[in-house]
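So this one's work02.txt, compact mmCIF, C-alpha atoms:
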# COMPACT_ATOMS: atom_id res chain seq x y z
CA MET U 18 9.59 -11.53 8.98
CA LEU U 19 8.45 -8.26 10.58
CA ARG U 20 9.68 -9.47 13.97
CA LEU U 21 13.12 -10.32 12.55
CA LEU U 22 13.32 -7.07 10.62
CA ASN U 23 12.55 -5.01 13.72
CA LYS U 24 14.98 -7.07 15.77
CA ASP U 25 17.70 -6.02 13.31
CA ARG U 26 16.65 -2.37 13.58
CA ARG U 27 16.59 -2.43 17.38
CA ALA U 28 20.11 -3.88 17.40
CA TYR U 29 21.24 -0.61 15.80
CA GLY U 30 19.17 1.64 18.05
CA LEU U 31 16.45 2.31 15.46
CA LYS U 32 12.72 2.51 16.01
CA PRO U 33 10.67 -0.50 14.88
CA LEU U 34 8.59 -0.32 11.71
CA PHE U 35 4.84 -0.83 11.82
CA MET U 36 3.08 -3.04 9.27
CA GLN U 37 0.91 -1.08 6.84
CA ASN U 38 -1.76 -2.94 4.91
CA ASP U 39 -1.57 -0.93 1.68
CA LEU U 40 2.16 -1.63 1.43
CA ARG U 41 1.59 -5.29 2.29
CA LYS U 42 -0.92 -5.71 -0.55
CA VAL U 43 1.57 -4.33 -3.09
CA ALA U 44 4.37 -6.52 -1.67
CA ARG U 45 2.21 -9.64 -1.80
CA ALA U 46 1.14 -8.94 -5.37
CA HIS U 47 4.75 -8.57 -6.55
CA SER U 48 5.87 -11.75 -4.78
CA LYS U 49 2.96 -13.62 -6.36
CA ASP U 50 3.75 -12.19 -9.81
CA MET U 51 7.42 -13.23 -9.57
CA ALA U 52 6.55 -16.73 -8.34
CA ARG U 53 3.95 -17.40 -11.02
CA LYS U 54 5.90 -15.90 -13.93
CA ASP U 55 9.31 -17.21 -12.85
CA TYR U 56 11.40 -14.03 -12.61
CA PHE U 57 13.18 -12.24 -9.78
CA GLU U 58 13.56 -8.50 -10.36
CA HIS U 59 12.48 -5.17 -8.92
CA GLU U 60 11.11 -4.34 -12.36
CA ASN U 61 8.22 -6.56 -13.40
CA LEU U 62 7.60 -7.97 -16.87
CA ILE U 63 5.65 -4.91 -17.99
CA GLY U 64 8.39 -2.50 -16.93
CA GLN U 65 7.00 -1.28 -13.60
CA ASN U 66 9.36 -0.64 -10.69
CA HIS U 67 8.28 -0.56 -7.06
CA ALA U 68 7.36 3.14 -7.21
CA ASP U 69 5.14 2.50 -10.23
CA ARG U 70 3.38 -0.35 -8.43
CA LEU U 71 2.80 1.79 -5.33
CA GLN U 72 1.36 4.59 -7.44
CA GLU U 73 -0.88 2.15 -9.31
CA ALA U 74 -2.23 0.98 -5.93
CA ASN U 75 -2.85 4.62 -4.91
CA VAL U 76 -0.14 4.54 -2.25
CA SER U 77 0.86 8.19 -2.29
CA GLU U 78 3.99 8.32 -0.11
CA THR U 79 6.96 9.96 -1.85
CA VAL U 80 9.76 8.22 0.11
CA SER U 81 9.85 4.45 -0.39
CA GLY U 82 12.10 1.47 -1.06
CA GLU U 83 11.97 -2.24 -1.78
CA ASN U 84 13.87 -5.40 -0.86
CA LEU U 85 13.51 -8.78 -2.54
CA ALA U 86 14.63 -12.25 -1.45
CA LYS U 87 14.28 -15.66 -3.09
CA ILE U 88 14.86 -18.80 -1.02
CA GLY U 89 14.49 -22.41 -2.12
CA GLY U 90 15.66 -25.73 -0.75
CA TYR U 91 16.51 -24.55 2.76
CA ALA U 92 14.94 -24.96 6.17
CA HIS U 93 13.74 -21.80 7.96
CA PRO U 94 13.35 -19.71 4.77
CA VAL U 95 12.14 -16.59 6.60
CA HIS U 96 15.22 -16.43 8.83
CA ARG U 97 17.51 -17.18 5.89
CA ALA U 98 15.89 -14.46 3.80
CA GLU U 99 16.28 -11.77 6.48
CA THR U 100 19.87 -12.83 7.19
CA GLY U 101 20.69 -12.67 3.49
CA LEU U 102 19.18 -9.20 3.17
CA MET U 103 21.19 -7.94 6.15
CA ASN U 104 24.36 -9.32 4.55
CA SER U 105 23.70 -7.35 1.35
CA PRO U 106 24.76 -3.67 1.64
CA GLY U 107 21.92 -2.25 -0.46
CA HIS U 108 19.19 -4.28 1.22
CA ARG U 109 20.70 -3.67 4.64
CA ALA U 110 20.56 0.07 3.96
CA ASN U 111 16.81 -0.16 3.40
CA ILE U 112 16.24 -2.17 6.59
CA LEU U 113 18.31 0.29 8.65
CA ASN U 114 17.04 3.46 6.96
CA GLU U 115 16.03 5.94 9.68
CA SER U 116 13.58 7.69 7.35
CA TYR U 117 11.27 4.70 7.04
CA ASN U 118 8.63 4.11 9.70
CA CYS U 119 6.47 1.42 8.09
CA VAL U 120 6.72 -1.65 5.90
CA GLY U 121 4.63 -4.19 4.04
CA VAL U 122 5.90 -7.75 3.70
CA GLY U 123 4.71 -10.12 1.00
CA LEU U 124 5.46 -13.83 0.58
CA HIS U 125 4.41 -16.25 -2.13
CA ILE U 126 5.57 -19.85 -2.53
CA SER U 127 5.90 -21.17 -6.08
CA LYS U 128 4.89 -24.64 -7.27
CA LYS U 129 8.57 -25.61 -6.92
CA ARG U 130 8.45 -24.57 -3.24
CA VAL U 131 10.60 -21.50 -3.82
CA HIS U 132 9.82 -18.65 -1.40
CA TYR U 133 9.58 -15.15 -2.92
CA PHE U 134 9.76 -12.31 -0.40
CA THR U 135 9.06 -8.61 -0.98
CA GLN U 136 9.58 -5.86 1.58
CA ASN U 137 8.08 -2.47 0.67
CA PHE U 138 9.22 0.40 2.91
CA ALA U 139 7.83 3.92 3.21
CA LYS U 140 7.87 7.03 5.32
CA LYS U 141 4.35 7.94 6.36
CA THR U 142 3.43 11.18 8.10
CA LEU U 143 -0.28 10.75 7.35
CA ILE U 144 -2.37 7.59 7.37
CA PHE U 145 -5.50 7.83 5.23
CA SER U 146 -8.65 6.00 6.24
CA LYS U 147 -8.81 4.94 2.58
CA ASN U 148 -6.17 5.30 -0.10
CA PRO U 149 -6.92 8.26 -2.40
CA PRO U 150 -9.11 7.30 -5.40
CA ASP U 151 -8.09 7.26 -9.07
CA SER U 152 -10.89 9.62 -10.01
CA VAL U 153 -13.60 11.83 -8.52
CA LYS U 154 -16.65 13.67 -9.81
CA LEU U 155 -16.27 17.41 -10.38
CA ARG U 156 -19.32 18.19 -8.26
CA ARG U 157 -18.01 16.28 -5.24
CA GLY U 158 -14.30 17.04 -5.37
CA LEU U 159 -11.65 15.11 -3.45
CA ARG U 160 -12.41 14.22 0.16
CA LEU U 161 -9.60 12.78 2.27
CA LYS U 162 -9.67 11.67 5.91
CA CYS U 163 -6.39 10.99 7.70
CA LYS U 164 -4.53 10.95 11.00
CA PRO U 165 -0.93 11.95 11.72
CA VAL U 166 2.05 9.74 12.39
CA GLY U 167 4.44 11.30 14.89
CA ARG U 168 4.37 14.97 15.80
CA VAL U 169 3.39 16.65 12.54
CA ASN U 170 0.74 19.32 13.08
CA LEU U 171 0.82 21.47 9.96
CA GLY U 172 0.02 20.66 6.35
CA ILE U 173 -0.15 22.39 2.97
CA TYR U 174 -1.69 20.99 -0.17
CA ARG U 175 -0.98 22.11 -3.71
CA VAL U 176 -3.09 21.40 -6.76
CA LEU U 177 -1.23 21.26 -10.07
CA ASP U 178 -2.45 20.92 -13.64
CA GLN U 179 -0.42 20.94 -16.86
CA THR U 180 0.35 24.66 -16.39
CA GLY U 181 1.73 24.34 -12.85
CA VAL U 182 0.40 25.21 -9.38
CA ILE U 183 -3.20 26.47 -9.51
CA LYS U 184 -4.12 26.29 -5.83
CA GLU U 185 -2.29 26.12 -2.49
CA LYS U 186 -3.81 25.99 0.98
CA GLY U 187 -2.60 25.30 4.51
CA PHE U 188 -4.46 23.21 7.07
CA PRO U 189 -3.92 22.09 10.69
CA ILE U 190 -3.21 18.40 11.26
CA LYS U 191 -5.15 16.94 14.18
CA ASP U 192 -5.98 13.45 15.44
CA GLU U 193 -8.73 13.33 12.82
CA THR U 194 -8.02 15.53 9.83
CA ARG U 195 -10.24 16.10 6.81
CA ILE U 196 -8.85 17.56 3.60
CA ASN U 197 -11.47 18.80 1.14
CA ILE U 198 -10.25 19.84 -2.31
CA ASP U 199 -12.61 21.28 -4.91
CA PHE U 200 -11.90 21.70 -8.62
CA ASN U 201 -13.14 24.29 -11.12
CA SER U 202 -13.05 22.02 -14.16
CA ALA U 203 -12.65 18.41 -15.23
CA GLY U 204 -9.20 17.13 -16.14
CA LYS U 205 -6.09 15.48 -14.77
CA TYR U 206 -4.47 16.89 -11.64
CA LYS U 207 -1.59 16.22 -9.28
CA ILE U 208 -2.03 16.88 -5.56
CA GLN U 209 1.07 17.44 -3.44
CA ILE U 210 0.75 17.32 0.34
CA PHE U 211 3.50 18.81 2.50
CA THR U 212 3.65 18.13 6.24
CA GLY U 213 5.70 19.39 9.15
CA LYS U 214 5.64 21.24 12.44
CA LYS U 215 4.58 24.78 13.22
CA GLY U 216 7.55 27.09 13.59
CA ARG U 217 9.74 25.08 11.22
CA GLU U 218 10.74 26.73 7.96
CA GLU U 219 10.76 23.57 5.86
CA LEU U 220 7.87 21.23 5.18
CA TYR U 221 8.31 17.74 3.79
CA LEU U 222 6.66 16.55 0.57
CA SER U 223 4.98 13.51 2.07
CA ASN U 224 2.30 12.55 -0.45
CA GLU U 225 1.68 12.91 -4.16
CA ILE U 226 -1.71 11.98 -5.60
CA HIS U 227 -2.57 11.71 -9.29
CA ILE U 228 -6.28 12.06 -9.93
CA LYS U 229 -8.74 12.45 -12.78
CA VAL U 230 -11.69 14.77 -12.24
CA LYS U 231 -14.77 13.79 -14.26
CA ARG U 232 -17.97 15.59 -15.14
CA GLY U 233 -21.35 14.12 -14.31
CA LEU U 234 -23.37 13.34 -11.23
CA PHE U 235 -22.77 9.59 -10.96
If you took the structure in this file and wrote it as structure tokens, what would it be?
Amino acid sequence: MLRLLNKDRRAYGLKPLFMQNDLRKVARAHSKDMARKDYFEHENLIGQNHADRLQEANVSETVSGENLAKIGGYAHPVHRAETGLMNSPGHRANILNESYNCVGVGLHISKKRVHYFTQNFAKKTLIFSKNPPDSVKLRRGLRLKCKPVGRVNLGIYRVLDQTGVIKEKGFPIKDETRINIDFNSAGKYKIQIFTGKKGREELYLSNEIHIKVKRGLF
């Protein structure tokens, strides 16, 4: 499906999307859930939309979208699914969205041989070596390792608690970038990462991380 999707983008002069494994895992899980529980919706049976599922999987990108397709009883289901999505204005808009640069595609086939497809799109300016964790120890803090996508070379991170912004710091973005964030106390925090280019006034909110900081050594 990635080949067909990028063929459609190239036909409109758009850059191809690259497959991203963290998005693919979320897409596969949703396709599997729909196939096994016999529903076909962006919102799952416990009320989560695609953004909720991405956050639950620690995918921190702030710009994202989702397409779904359900095909049964036809030959060439992958081609039929992509054609159907391109013929639907809302789904077509996701496929041809210039902001997106990556995608994860998930497919699961039900016992009735119905094909459930999920496409999860995102705009990534940073690729983390590992997705950010749910929690960290106070003594260690949050340690992130990432590399840039495209020409971004400047970043700023903000740390927020329930009162608002408590820390803000800029950092250069290189081929291998490490972001080390320390905390003064245990609790729940939100980390916002802004990225952009030096000399530009505006930076883009590219990542948002929700994390719990715990006391203790282990």
Closest of U:Leu102, U:Ile196, U:Ala28, U:Leu177 to Lys229 in chain U - atom-to-atom distances counting all atoms listed in the file: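 Result for the nearest residue to Lys229 in chain U: U:Leu177.
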Padding 3 Å on each side, edges along x, y and z: where is the centre of the box around the listed atoms of range 18-21 of chain U, and how long are its edges in Å to one decimal? Output it as AutoDock Vina command-line options.
--center_x 10.8 --center_y -9.9 --center_z 11.5 --size_x 10.7 --size_y 9.3 --size_z 11.0
Separation of CA of Lys164 in chain U from CA of Asn148 in chain U in Å: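 According to the coordinates, CA of Asn148 in chain U and CA of Lys164 in chain U are separated by 12.6 Å.
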One-decimal distance in Å that lies between CA of Lys186 in chain U and CA of Ile198 in chain U: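 Going from CA of Ile198 in chain U over to CA of Lys186 in chain U, I get 9.5 Å.
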Distance query range 106-121 of chain U at most 10 Å, all atoms listed in the file, self and fewer than 3 positions along chain excluded, as a PyMOL selection string: chain U and resi 19+22-23+25-45+80-86+99-103+135-142+166-167
